[in-house]
Amino acid sequence: MPYNVAVDVGGTFTDVLVFDEETGGLTEGKVLSTPEDPSKGVVESIEAVCEKVGISFPDLHLFFHGTTVVTNMILTNTGSRVGLLTTKGHEQILHLARAWTPGPLYGWMALQKPDPPADPTDTVASRNVLPPLATCLKN
């Protein structure tokens, strides 16, 4: 009997949901996230819910993964220094954040955009293929 599993890695908890394709049953689980290695929390959460259902990894048919870790990192302005490679003239792409808001909501919704994780004014002119990323990061 095939099962599908979905995992959401958050800053505090890693949530998991197993769907039984045959019965339509759902079984959920939750473990503490492991920020030093998020994959550990993923595996622990799947092991815990599989034990609850009475199945093992080979019984899993599809795997879905989501995370709010990067969203939280951007909102709290933490994480590593990053860079953004764009075509000249498109350096402000992170500030654009185009979206469509339906009908009457458009008038009163305002998006507070956090500062972008990459500095759009830190530019390098290049007309050639860039060197490996490790070379660029030495500066």
# chains A, B, ... in the order shown; residues from 1 in each chain; ligands from 1
$ residues_around --residues "A:Phe64" --least-positions-apart "2" --cutoff "12 Å" --atoms "only C-alpha atoms" --output "short mmCIF file (atom, residue, chain, number, x, y, z; two decimals) with N, CA and C atoms, in the first residue's frame"
data_model
loop_
_atom_site.label_atom_id
_atom_site.label_comp_id
_atom_site.auth_asym_id
_atom_site.auth_seq_id
_atom_site.Cartn_x
_atom_site.Cartn_y
_atom_site.Cartn_z
N TYR A 3 2.30 5.06 0.40
CA TYR A 3 2.15 6.20 1.30
C TYR A 3 2.95 7.37 0.73
N ASN A 4 2.45 8.57 0.96
CA ASN A 4 3.16 9.79 0.59
C ASN A 4 3.53 10.52 1.87
N VAL A 5 4.67 11.18 1.87
CA VAL A 5 5.11 11.89 3.06
C VAL A 5 5.45 13.33 2.69
N ALA A 6 5.06 14.26 3.57
CA ALA A 6 5.39 15.68 3.38
C ALA A 6 6.08 16.16 4.65
N VAL A 7 7.16 16.90 4.48
CA VAL A 7 7.94 17.41 5.61
C VAL A 7 8.10 18.91 5.45
N ASP A 8 7.90 19.64 6.56
CA ASP A 8 8.12 21.09 6.58
C ASP A 8 9.13 21.39 7.67
N VAL A 9 10.29 21.89 7.28
CA VAL A 9 11.35 22.21 8.23
C VAL A 9 11.20 23.66 8.64
N ASP A 15 7.79 19.45 10.94
CA ASP A 15 6.49 18.77 10.89
C ASP A 15 6.47 17.77 9.74
N VAL A 16 5.76 16.67 9.95
CA VAL A 16 5.68 15.64 8.92
C VAL A 16 4.24 15.11 8.87
N LEU A 17 3.83 14.77 7.68
CA LEU A 17 2.49 14.25 7.44
C LEU A 17 2.60 13.07 6.48
N VAL A 18 1.99 11.94 6.85
CA VAL A 18 1.97 10.77 5.97
C VAL A 18 0.54 10.56 5.50
N PHE A 19 0.40 10.39 4.19
CA PHE A 19 -0.91 10.17 3.56
C PHE A 19 -0.97 8.74 3.04
N VAL A 42 14.65 16.06 9.43
CA VAL A 42 13.80 15.45 8.40
C VAL A 42 13.74 13.94 8.59
N ILE A 46 10.46 11.66 9.84
CA ILE A 46 9.92 10.58 9.00
C ILE A 46 9.98 9.25 9.76
N LEU A 60 7.29 4.32 1.44
CA LEU A 60 6.97 5.69 1.03
C LEU A 60 7.08 5.82 -0.48
N HIS A 61 6.04 6.39 -1.07
CA HIS A 61 5.95 6.51 -2.53
C HIS A 61 6.45 7.87 -3.01
N LEU A 62 5.89 8.94 -2.48
CA LEU A 62 6.28 10.30 -2.87
C LEU A 62 6.75 11.08 -1.64
N GLY A 66 9.16 21.15 2.24
CA GLY A 66 9.01 22.60 2.31
C GLY A 66 9.79 23.11 3.51
N THR A 67 10.10 24.39 3.50
CA THR A 67 10.83 24.96 4.62
C THR A 67 10.53 26.44 4.77
#
$ atom_distance --atom1 "atom CA of A:Lys88" --atom2 "atom CA of A:Ile74"
24.4 Å
$ closest_residue --among "A:Asn72, A:Thr86, A:Thr14, A:Thr27" --to "A:Glu44" --atoms "only C-alpha atoms"
A:Thr14
$ atom_distance --atom1 "atom CA of A:Val49" --atom2 "atom CA of A:Asp20"
12.1 Å
$ atom_distance --atom1 "atom CA of A:Gly11" --atom2 "atom CA of A:Thr68"
7.1 Å
